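Enquirer: Sharing target33.pdb below, PDB, C-alpha atoms, pLDDT in the B column:
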```pdb
ATOM      1  CA  MET A  13       0.000   0.000   0.000  1.00 40.00           C
ATOM      2  CA  GLY A  14       1.517   3.287  -1.032  1.00 36.00           C
ATOM      3  CA  ARG A  15       1.669   6.107   1.445  1.00 42.00           C
ATOM      4  CA  SER A  16       0.370   8.558  -1.156  1.00 47.00           C
ATOM      5  CA  ARG A  17      -3.166   7.520  -0.182  1.00 72.00           C
ATOM      6  CA  ARG A  18      -4.641   8.584   3.118  1.00 88.00           C
ATOM      7  CA  THR A  19      -5.887   5.690   5.178  1.00 94.00           C
ATOM      8  CA  LEU A  20      -9.396   5.470   6.605  1.00 96.00           C
ATOM      9  CA  PRO A  21      -8.240   6.041  10.198  1.00 96.00           C
ATOM     10  CA  GLU A  22      -6.519   9.242   9.060  1.00 95.00           C
ATOM     11  CA  GLU A  23      -9.599  10.412   7.166  1.00 95.00           C
ATOM     12  CA  LEU A  24     -11.901   9.622  10.069  1.00 96.00           C
ATOM     13  CA  LEU A  25      -9.664  11.601  12.416  1.00 94.00           C
ATOM     14  CA  LEU A  26      -9.537  14.576  10.052  1.00 94.00           C
ATOM     15  CA  LEU A  27     -13.333  14.513   9.846  1.00 93.00           C
ATOM     16  CA  ALA A  28     -13.552  14.580  13.636  1.00 93.00           C
ATOM     17  CA  LEU A  29     -11.182  17.543  14.099  1.00 90.00           C
ATOM     18  CA  ASP A  30     -13.028  20.717  14.982  1.00 84.00           C
ATOM     19  CA  PRO A  31     -11.369  23.565  13.038  1.00 79.00           C
ATOM     20  CA  ALA A  32     -12.468  26.139  15.622  1.00 76.00           C
ATOM     21  CA  THR A  33     -11.259  24.414  18.789  1.00 79.00           C
ATOM     22  CA  GLY A  34      -8.555  22.023  17.582  1.00 81.00           C
ATOM     23  CA  THR A  35     -10.189  19.178  19.523  1.00 84.00           C
ATOM     24  CA  THR A  36     -11.758  15.984  18.245  1.00 87.00           C
ATOM     25  CA  ALA A  37     -15.489  15.404  18.355  1.00 87.00           C
ATOM     26  CA  GLN A  38     -16.748  12.249  20.100  1.00 85.00           C
ATOM     27  CA  PRO A  39     -13.291  11.412  21.542  1.00 83.00           C
ATOM     28  CA  GLN A  40     -14.239   8.201  23.356  1.00 82.00           C
ATOM     29  CA  SER A  41     -16.190   6.575  20.541  1.00 91.00           C
ATOM     30  CA  LEU A  42     -13.614   7.895  18.070  1.00 92.00           C
ATOM     31  CA  ASP A  43     -11.012   5.627  19.673  1.00 91.00           C
ATOM     32  CA  LEU A  44     -13.224   2.656  18.835  1.00 94.00           C
ATOM     33  CA  GLY A  45     -13.825   4.002  15.347  1.00 95.00           C
ATOM     34  CA  LEU A  46     -10.119   4.248  14.636  1.00 96.00           C
ATOM     35  CA  ALA A  47      -9.633   0.592  15.579  1.00 95.00           C
ATOM     36  CA  GLY A  48     -12.541  -0.286  13.301  1.00 96.00           C
ATOM     37  CA  ALA A  49     -11.185   1.877  10.491  1.00 97.00           C
ATOM     38  CA  GLN A  50      -7.954  -0.099  10.620  1.00 97.00           C
ATOM     39  CA  LEU A  51      -9.928  -3.278   9.964  1.00 97.00           C
ATOM     40  CA  VAL A  52     -11.683  -1.760   6.964  1.00 97.00           C
ATOM     41  CA  GLU A  53      -8.402  -0.417   5.572  1.00 97.00           C
ATOM     42  CA  LEU A  54      -6.795  -3.851   5.912  1.00 97.00           C
ATOM     43  CA  ALA A  55      -9.797  -5.384   4.147  1.00 97.00           C
ATOM     44  CA  LEU A  56      -9.535  -2.867   1.301  1.00 95.00           C
ATOM     45  CA  ALA A  57      -5.864  -3.806   1.031  1.00 96.00           C
ATOM     46  CA  GLY A  58      -6.827  -7.481   0.704  1.00 96.00           C
ATOM     47  CA  ARG A  59      -5.145  -8.535   3.958  1.00 97.00           C
ATOM     48  CA  ILE A  60      -8.235  -9.540   5.921  1.00 97.00           C
ATOM     49  CA  ALA A  61     -11.790 -10.566   5.077  1.00 96.00           C
ATOM     50  CA  PRO A  62     -15.067 -11.000   6.967  1.00 94.00           C
ATOM     51  CA  ASP A  63     -15.938 -14.518   8.090  1.00 92.00           C
ATOM     52  CA  GLY A  64     -19.495 -14.136   9.301  1.00 89.00           C
ATOM     53  CA  ASP A  65     -19.173 -11.636  12.152  1.00 89.00           C
ATOM     54  CA  ARG A  66     -15.499 -12.457  12.544  1.00 94.00           C
ATOM     55  CA  ILE A  67     -12.346 -11.159  10.896  1.00 95.00           C
ATOM     56  CA  ALA A  68      -9.911 -13.556   9.224  1.00 96.00           C
ATOM     57  CA  VAL A  69      -6.395 -12.829   7.981  1.00 97.00           C
ATOM     58  CA  VAL A  70      -6.150 -13.989   4.368  1.00 97.00           C
ATOM     59  CA  VAL A  71      -2.835 -12.405   3.312  1.00 97.00           C
ATOM     60  CA  PRO A  72      -0.378 -11.715   6.170  1.00 96.00           C
ATOM     61  CA  ARG A  73       2.003  -9.734   3.942  1.00 96.00           C
ATOM     62  CA  PRO A  74       2.747  -6.267   5.394  1.00 96.00           C
ATOM     63  CA  THR A  75       1.110  -3.237   3.817  1.00 96.00           C
ATOM     64  CA  GLY A  76       4.004  -0.859   4.366  1.00 94.00           C
ATOM     65  CA  ASP A  77       2.043   1.213   6.877  1.00 94.00           C
ATOM     66  CA  PRO A  78       3.594   0.578  10.335  1.00 93.00           C
ATOM     67  CA  THR A  79       0.411   1.165  12.327  1.00 93.00           C
ATOM     68  CA  LEU A  80      -1.730  -1.014  10.075  1.00 96.00           C
ATOM     69  CA  ASP A  81       0.948  -3.693   9.989  1.00 96.00           C
ATOM     70  CA  CYS A  82       1.004  -3.782  13.793  1.00 94.00           C
ATOM     71  CA  ALA A  83      -2.734  -4.445  13.785  1.00 95.00           C
ATOM     72  CA  LEU A  84      -2.344  -7.059  11.050  1.00 97.00           C
ATOM     73  CA  GLU A  85       0.335  -8.881  13.022  1.00 96.00           C
ATOM     74  CA  LEU A  86      -1.804  -8.895  16.159  1.00 94.00           C
ATOM     75  CA  LEU A  87      -4.671 -10.378  14.169  1.00 95.00           C
ATOM     76  CA  ARG A  88      -2.354 -12.991  12.652  1.00 96.00           C
ATOM     77  CA  ARG A  89      -1.124 -14.036  16.074  1.00 95.00           C
ATOM     78  CA  ARG A  90      -4.666 -14.858  17.136  1.00 92.00           C
ATOM     79  CA  GLY A  91      -4.386 -17.907  14.909  1.00 90.00           C
ATOM     80  CA  ALA A  92      -8.137 -17.980  14.222  1.00 93.00           C
ATOM     81  CA  PRO A  93     -10.774 -15.496  13.055  1.00 95.00           C
ATOM     82  CA  VAL A  94     -11.626 -13.000  15.780  1.00 95.00           C
ATOM     83  CA  ARG A  95     -14.996 -11.423  16.422  1.00 95.00           C
ATOM     84  CA  ALA A  96     -15.004  -7.820  15.222  1.00 94.00           C
ATOM     85  CA  VAL A  97     -16.671  -6.656  18.430  1.00 94.00           C
ATOM     86  CA  HIS A  98     -13.963  -8.289  20.559  1.00 93.00           C
ATOM     87  CA  TRP A  99     -11.180  -6.744  18.489  1.00 93.00           C
ATOM     88  CA  ILE A 100     -12.655  -3.241  18.535  1.00 93.00           C
ATOM     89  CA  GLY A 101     -13.492  -3.472  22.237  1.00 90.00           C
ATOM     90  CA  GLY A 102      -9.930  -4.446  23.185  1.00 87.00           C
ATOM     91  CA  PRO A 103      -7.400  -1.952  24.559  1.00 81.00           C
ATOM     92  CA  ARG A 104      -5.998   0.423  21.954  1.00 73.00           C
ATOM     93  CA  LEU A 105      -3.853   2.662  24.116  1.00 72.00           C
ATOM     94  CA  GLY A 106      -2.487   5.653  22.278  1.00 84.00           C
ATOM     95  CA  LEU A 107      -4.087   4.919  18.896  1.00 90.00           C
ATOM     96  CA  ARG A 108      -5.596   8.388  18.491  1.00 90.00           C
ATOM     97  CA  GLN A 109      -2.343  10.047  19.515  1.00 90.00           C
ATOM     98  CA  THR A 110      -0.408   7.802  17.126  1.00 92.00           C
ATOM     99  CA  TYR A 111      -2.511   9.018  14.221  1.00 93.00           C
ATOM    100  CA  LEU A 112      -2.438  12.646  15.340  1.00 91.00           C
ATOM    101  CA  SER A 113       1.359  12.491  15.519  1.00 91.00           C
ATOM    102  CA  HIS A 114       1.494  10.898  12.084  1.00 91.00           C
ATOM    103  CA  LEU A 115      -0.719  13.605  10.593  1.00 92.00           C
ATOM    104  CA  GLU A 116       1.533  16.198  12.211  1.00 91.00           C
ATOM    105  CA  ARG A 117       4.646  14.627  10.665  1.00 90.00           C
ATOM    106  CA  CYS A 118       2.918  14.616   7.280  1.00 87.00           C
ATOM    107  CA  GLY A 119       2.109  18.305   7.644  1.00 87.00           C
ATOM    108  CA  MET A 120      -1.656  17.788   7.630  1.00 89.00           C
ATOM    109  CA  VAL A 121      -2.144  19.113  11.176  1.00 89.00           C
ATOM    110  CA  ALA A 122      -0.147  21.365  13.455  1.00 88.00           C
ATOM    111  CA  ALA A 123       0.179  20.860  17.210  1.00 87.00           C
ATOM    112  CA  VAL A 124      -0.796  23.958  19.193  1.00 86.00           C
ATOM    113  CA  PRO A 125       0.292  23.939  22.860  1.00 83.00           C
ATOM    114  CA  GLY A 126      -1.993  25.455  25.443  1.00 73.00           C
ATOM    115  CA  GLN A 127      -3.260  25.092  28.986  1.00 66.00           C
ATOM    116  CA  MET A 128      -6.355  23.595  30.559  1.00 66.00           C
ATOM    117  CA  CYS A 129      -7.874  25.706  33.327  1.00 68.00           C
ATOM    118  CA  GLY A 130      -4.743  27.850  33.081  1.00 68.00           C
ATOM    119  CA  VAL A 131      -2.656  25.115  34.689  1.00 75.00           C
ATOM    120  CA  LEU A 132      -2.443  21.779  32.873  1.00 77.00           C
ATOM    121  CA  PRO A 133      -0.490  21.759  29.609  1.00 78.00           C
ATOM    122  CA  THR A 134      -2.592  20.609  26.665  1.00 80.00           C
ATOM    123  CA  THR A 135      -2.047  20.097  22.976  1.00 83.00           C
ATOM    124  CA  ARG A 136      -4.658  20.889  20.366  1.00 84.00           C
ATOM    125  CA  TYR A 137      -4.417  20.125  16.673  1.00 86.00           C
ATOM    126  CA  GLN A 138      -5.328  22.408  13.797  1.00 83.00           C
ATOM    127  CA  ALA A 139      -5.650  21.206  10.215  1.00 84.00           C
ATOM    128  CA  THR A 140      -2.995  22.919   8.106  1.00 84.00           C
ATOM    129  CA  ASP A 141      -4.349  21.876   4.709  1.00 79.00           C
ATOM    130  CA  THR A 142      -8.060  22.582   4.743  1.00 81.00           C
ATOM    131  CA  ALA A 143      -8.354  21.431   1.122  1.00 87.00           C
ATOM    132  CA  ILE A 144      -7.799  17.847   2.284  1.00 89.00           C
ATOM    133  CA  SER A 145     -10.522  18.092   4.904  1.00 87.00           C
ATOM    134  CA  ARG A 146     -12.867  19.683   2.356  1.00 90.00           C
ATOM    135  CA  GLU A 147     -12.204  16.859  -0.108  1.00 93.00           C
ATOM    136  CA  ILE A 148     -12.994  14.202   2.497  1.00 93.00           C
ATOM    137  CA  ARG A 149     -16.151  16.016   3.605  1.00 93.00           C
ATOM    138  CA  GLY A 150     -17.120  16.606  -0.010  1.00 94.00           C
ATOM    139  CA  ARG A 151     -17.178  12.881  -0.720  1.00 93.00           C
ATOM    140  CA  LEU A 152     -19.665  12.329   2.093  1.00 93.00           C
ATOM    141  CA  ASP A 153     -21.750  15.332   1.060  1.00 94.00           C
ATOM    142  CA  SER A 154     -21.876  14.098  -2.535  1.00 94.00           C
ATOM    143  CA  ALA A 155     -22.983  10.608  -1.515  1.00 92.00           C
ATOM    144  CA  ILE A 156     -25.678  12.075   0.728  1.00 93.00           C
ATOM    145  CA  ARG A 157     -26.877  14.655  -1.799  1.00 91.00           C
ATOM    146  CA  THR A 158     -26.921  12.550  -4.963  1.00 89.00           C
ATOM    147  CA  GLY A 159     -28.028   9.215  -3.553  1.00 81.00           C
ATOM    148  CA  VAL A 160     -25.592   7.499  -5.932  1.00 87.00           C
ATOM    149  CA  PRO A 161     -23.963   4.467  -4.259  1.00 87.00           C
ATOM    150  CA  PRO A 162     -20.494   5.623  -3.171  1.00 91.00           C
ATOM    151  CA  ASP A 163     -17.245   3.748  -3.639  1.00 93.00           C
ATOM    152  CA  PRO A 164     -16.417   1.248  -0.860  1.00 92.00           C
ATOM    153  CA  ARG A 165     -13.936   3.605   0.823  1.00 93.00           C
ATOM    154  CA  THR A 166     -16.428   6.455   1.079  1.00 94.00           C
ATOM    155  CA  ALA A 167     -19.226   4.086   2.131  1.00 94.00           C
ATOM    156  CA  ALA A 168     -17.035   2.693   4.914  1.00 95.00           C
ATOM    157  CA  LEU A 169     -16.049   6.195   6.025  1.00 96.00           C
ATOM    158  CA  ALA A 170     -19.737   7.157   6.198  1.00 95.00           C
ATOM    159  CA  ALA A 171     -20.535   4.014   8.198  1.00 95.00           C
ATOM    160  CA  LEU A 172     -17.753   4.737  10.674  1.00 96.00           C
ATOM    161  CA  ALA A 173     -18.681   8.420  10.959  1.00 96.00           C
ATOM    162  CA  HIS A 174     -22.229   7.409  11.832  1.00 95.00           C
ATOM    163  CA  ALA A 175     -21.092   4.701  14.248  1.00 95.00           C
ATOM    164  CA  VAL A 176     -18.922   7.033  16.317  1.00 95.00           C
ATOM    165  CA  GLY A 177     -21.557   9.773  16.388  1.00 94.00           C
ATOM    166  CA  LEU A 178     -20.006  12.311  14.023  1.00 94.00           C
ATOM    167  CA  GLY A 179     -23.337  12.938  12.300  1.00 94.00           C
ATOM    168  CA  LYS A 180     -24.300  15.726  14.696  1.00 92.00           C
ATOM    169  CA  HIS A 181     -20.819  17.216  14.337  1.00 91.00           C
ATOM    170  CA  LEU A 182     -20.908  17.178  10.538  1.00 93.00           C
ATOM    171  CA  TYR A 183     -24.605  17.962  10.048  1.00 94.00           C
ATOM    172  CA  PRO A 184     -25.828  19.764  13.186  1.00 93.00           C
ATOM    173  CA  GLY A 185     -29.260  20.932  14.206  1.00 94.00           C
ATOM    174  CA  ASN A 186     -32.708  20.282  12.819  1.00 95.00           C
ATOM    175  CA  GLU A 187     -31.575  21.331   9.361  1.00 93.00           C
ATOM    176  CA  GLY A 188     -29.043  18.507   9.359  1.00 94.00           C
ATOM    177  CA  ARG A 189     -31.501  15.801  10.392  1.00 94.00           C
ATOM    178  CA  SER A 190     -32.144  14.465   6.883  1.00 95.00           C
ATOM    179  CA  SER A 191     -28.413  14.439   6.111  1.00 95.00           C
ATOM    180  CA  ARG A 192     -27.732  12.486   9.307  1.00 94.00           C
ATOM    181  CA  SER A 193     -30.391   9.988   8.294  1.00 94.00           C
ATOM    182  CA  ARG A 194     -28.885   9.537   4.840  1.00 93.00           C
ATOM    183  CA  LEU A 195     -25.409   9.231   6.374  1.00 93.00           C
ATOM    184  CA  ARG A 196     -26.726   6.344   8.442  1.00 91.00           C
ATOM    185  CA  ASP A 197     -28.265   4.738   5.362  1.00 91.00           C
ATOM    186  CA  LEU A 198     -24.909   4.694   3.549  1.00 90.00           C
ATOM    187  CA  ILE A 199     -23.854   1.922   5.932  1.00 89.00           C
ATOM    188  CA  ARG A 200     -25.484  -0.649   3.636  1.00 88.00           C
ATOM    189  CA  HIS A 201     -23.191   0.066   0.685  1.00 89.00           C
ATOM    190  CA  ASP A 202     -20.090  -1.649   2.088  1.00 89.00           C
ATOM    191  CA  PRO A 203     -20.425  -5.021   3.876  1.00 90.00           C
ATOM    192  CA  MET A 204     -17.119  -4.732   5.712  1.00 93.00           C
ATOM    193  CA  GLY A 205     -17.783  -1.151   6.739  1.00 93.00           C
ATOM    194  CA  GLY A 206     -21.237  -2.167   7.927  1.00 93.00           C
ATOM    195  CA  LEU A 207     -19.883  -5.087   9.947  1.00 94.00           C
ATOM    196  CA  VAL A 208     -17.294  -2.898  11.631  1.00 95.00           C
ATOM    197  CA  ALA A 209     -19.692   0.002  12.218  1.00 95.00           C
ATOM    198  CA  HIS A 210     -22.214  -2.282  13.924  1.00 94.00           C
ATOM    199  CA  ALA A 211     -19.416  -3.732  16.057  1.00 95.00           C
ATOM    200  CA  VAL A 212     -18.378  -0.202  17.120  1.00 95.00           C
ATOM    201  CA  MET A 213     -21.947   0.569  18.147  1.00 95.00           C
ATOM    202  CA  ASP A 214     -22.304  -2.755  19.975  1.00 94.00           C
ATOM    203  CA  VAL A 215     -19.167  -2.042  22.022  1.00 94.00           C
ATOM    204  CA  GLN A 216     -20.468   1.401  22.934  1.00 92.00           C
ATOM    205  CA  ASN A 217     -23.794  -0.067  23.999  1.00 91.00           C
ATOM    206  CA  GLY A 218     -22.140  -2.888  25.940  1.00 87.00           C
ATOM    207  CA  ALA A 219     -24.791  -5.123  24.447  1.00 56.00           C
ATOM    208  CA  ALA A 220     -24.608  -8.923  24.680  1.00 38.00           C
ATOM    209  CA  VAL A 221     -26.210  -9.753  21.360  1.00 44.00           C
ATOM    210  CA  GLN A 222     -26.299 -12.754  19.092  1.00 44.00           C
ATOM    211  CA  PRO A 223     -23.884 -12.725  16.137  1.00 45.00           C
ATOM    212  CA  ARG A 224     -25.117 -10.542  13.334  1.00 45.00           C
ATOM    213  CA  ARG A 225     -26.138 -12.663  10.377  1.00 45.00           C
ATOM    214  CA  GLY A 226     -25.516 -11.014   7.056  1.00 44.00           C
ATOM    215  CA  PRO A 227     -24.951 -12.500   3.600  1.00 42.00           C
ATOM    216  CA  ALA A 228     -21.644 -14.015   4.753  1.00 44.00           C
ATOM    217  CA  ALA A 229     -22.968 -15.557   7.992  1.00 41.00           C
ATOM    218  CA  THR A 230     -21.367 -18.891   8.733  1.00 41.00           C
ATOM    219  CA  GLY A 231     -23.806 -20.284  11.275  1.00 42.00           C
ATOM    220  CA  ARG A 232     -21.291 -20.893  14.039  1.00 43.00           C
ATOM    221  CA  PRO A 233     -22.528 -23.218  16.794  1.00 43.00           C
ATOM    222  CA  THR A 234     -23.674 -22.035  20.157  1.00 42.00           C
ATOM    223  CA  GLY A 235     -24.325 -23.867  23.375  1.00 44.00           C
ATOM    224  CA  PRO A 236     -22.524 -24.998  26.514  1.00 42.00           C
ATOM    225  CA  GLY A 237     -18.803 -24.439  26.331  1.00 43.00           C
ATOM    226  CA  THR A 238     -18.912 -21.890  23.534  1.00 43.00           C
ATOM    227  CA  ARG A 239     -18.019 -18.218  23.888  1.00 40.00           C
ATOM    228  CA  PRO A 240     -20.890 -15.761  24.333  1.00 40.00           C
ATOM    229  CA  ALA A 241     -21.816 -13.849  21.213  1.00 40.00           C
ATOM    230  CA  VAL A 242     -20.452 -10.570  22.555  1.00 38.00           C
ATOM    231  CA  GLU A 243     -18.670  -9.960  25.794  1.00 38.00           C
ATOM    232  CA  PRO A 244     -19.819  -6.903  27.700  1.00 37.00           C
ATOM    233  CA  ALA A 245     -17.616  -3.922  26.914  1.00 36.00           C
ATOM    234  CA  ARG A 246     -15.015  -3.287  29.543  1.00 36.00           C
ATOM    235  CA  GLY A 247     -14.955   0.415  28.982  1.00 37.00           C
ATOM    236  CA  VAL A 248     -13.593   2.630  26.282  1.00 35.00           C
ATOM    237  CA  PRO A 249      -9.849   2.510  25.567  1.00 36.00           C
ATOM    238  CA  MET A 250      -8.148   5.360  27.347  1.00 36.00           C
ATOM    239  CA  GLN A 251      -5.434   7.531  25.928  1.00 37.00           C
ATOM    240  CA  PRO A 252      -2.108   7.355  27.758  1.00 37.00           C
ATOM    241  CA  ARG A 253      -0.746  10.369  29.541  1.00 36.00           C
ATOM    242  CA  HIS A 254       2.490  11.674  28.112  1.00 38.00           C
ATOM    243  CA  GLY A 255       4.405  12.940  31.108  1.00 38.00           C
ATOM    244  CA  SER A 256       2.625  13.777  34.347  1.00 34.00           C
ATOM    245  CA  MET A 257      -0.823  14.689  33.097  1.00 30.00           C
ATOM    246  CA  ALA A 258       0.935  16.694  30.444  1.00 35.00           C
ATOM    247  CA  ARG A 259      -0.191  16.811  26.825  1.00 37.00           C
ATOM    248  CA  ALA A 260      -3.851  16.334  27.489  1.00 39.00           C
ATOM    249  CA  VAL A 261      -4.412  15.248  23.920  1.00 40.00           C
ATOM    250  CA  ALA A 262      -7.129  16.737  21.756  1.00 45.00           C
ATOM    251  CA  HIS A 263     -10.474  15.532  22.980  1.00 46.00           C
TER
END
```
Mind converting the file's structure to structure tokens?
Expert:
Amino acid sequence: MGRSRRTLPEELLLLALDPATGTTAQPQSLDLGLAGAQLVELALAGRIAPDGDRIAVVVPRPTGDPTLDCALELLRRRGAPVRAVHWIGGPRLGLRQTYLSHLERCGMVAAVPGQMCGVLPTTRYQATDTAISREIRGRLDSAIRTGVPPDPRTAALAALAHAVGLGKHLYPGNEGRSSRSRLRDLIRHDPMGGLVAHAVMDVQNGAAVQPRRGPAATGRPTGPGTRPAVEPARGVPMQPRHGSMARAVAH
């Protein structure tokens, strides 16, 4: 995978950045969304594929993206397909900061130091190339406005944006209600994006549900001795502190 293309986690993070405040909308659910976006990006790269409501590694060859390759290796080490909801609900310490730092190195955002309550050092992030953010947003707007089925990448981005609650950030107020509804509907245009988006929402809800059965459902057995369909979420992954409460990362 060439680095000339922005990955879905990067695009999702750029969508979530508030240009006025330099913070990210929906910070807790965004952490889950970034983990899910990695899965979709790996699927688009042909490295993993859905197996019912599980994720299976089909090509363990590295992509060339260090962060994605770390996730791919962790999936490979599982040795068997893993439930999407278990993967997304697992600890992902520092994932948001990893992507913010990467975007800063690429010159797409700039770190702006500040203070919280006039005491605690914080870091906010401002987009430096607004054309990139406009292009990403424009793809969603076009899919919503025209009703034409979007490409898989845009469909997955829409599904993830809905899953983490960015609809009210992107299309606020009563006037944005129909756009939020159409954003939600775009989830059906990409099976992998839909699987991951539903898993993100299940983790947030802490719901113990039966496996979702879509076109690729495999009919896995249930009964005594088998794992429950979804383990209750153990809380949202927290971002690590860098220093002693320093660098309260964009939230």
Enquirer: Hey, what comes out of the PyMOL selection byres ((chain A and resi 57) around 12) on this file? Could you write it as a PyMOL selection string?
Expert: chain A and resi 13-14+17+19-20+50-56+58-61+69-77+80-81+84+164-165
Enquirer: Taking the file as shown, find all residues satisfying the PyMOL selection byres ((chain A and resi 21) around 12) and write them as a VMD selection string.
Expert: chain A and resid 17 to 20 22 to 28 42 to 54 77 79 to 80 107 to 112 114 to 115 165 168 to 169 172 to 173
Enquirer: Would you list the contacts of segment 87-98 of chain A as a VMD selection string, taking every protein, DNA or RNA residue within 8 Å and counting only C-alpha atoms, but skipping same-chain residues closer than 5 positions in sequence?
Expert: chain A and resid 63 65 to 69 72 207 to 208 211 to 212 214 to 215 242 to 243
Enquirer: For a quick check of understanding, using all atoms listed in the file, which of A:Leu132, A:Gly101, A:Glu85, A:Leu195 has the smallest distance to Leu182 of chain A?
Expert: A:Leu195
Enquirer: At what distance in Å, to one decimal, does atom CA of Ala83 of chain A lie from atom CA of Ala171 of chain A?
Expert: 20.5 Å
Enquirer: Using the chain letters and numbers from the file, give me the residues hit by the PyMOL selection byres ((chain A and resi 159) around 12), as a count of residues only.
Expert: 18
Enquirer: Calculated over all atoms listed in the file, which of the candidates A:Thr166, A:Ser193, A:Thr135, A:Asn217 has the smallest distance to Thr33 of chain A?
Expert: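 Answer, going by the shortest atom-to-atom distance: A:Thr135.
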Enquirer: Counting only C-alpha atoms, which residue out of A:Gln216, A:Gln138, A:Gln40, A:Asn186 sits closest to Gly119 of chain A?
Expert: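 The closest residue to Gly119 of chain A is A:Gln138.
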Enquirer: May I ask for the distance between atom CA of Gly102 of chain A and atom CA of Ala170 of chain A, given in Å to one decimal place?
Expert: 22.8 Å
Enquirer: I'd like the interatomic distance between atom CA of Arg189 of chain A and atom CA of Ala139 of chain A, to a tenth of an Å.
Expert: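 Spanning atom CA of Arg189 of chain A to atom CA of Ala139 of chain A is a straight-line distance of 26.4 Å.
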Enquirer: Around all the atoms of segment 85-96 of chain A listed in the file, draw an axis-aligned box and extend it by 5 Å on each of the six sides; I want its centre and edge lengths in Å to one decimal, as JSON.
Expert:
```
{"center_x": -7.3, "center_y": -12.9, "center_z": 14.9, "size_x": 25.3, "size_y": 20.2, "size_z": 14.5}
```
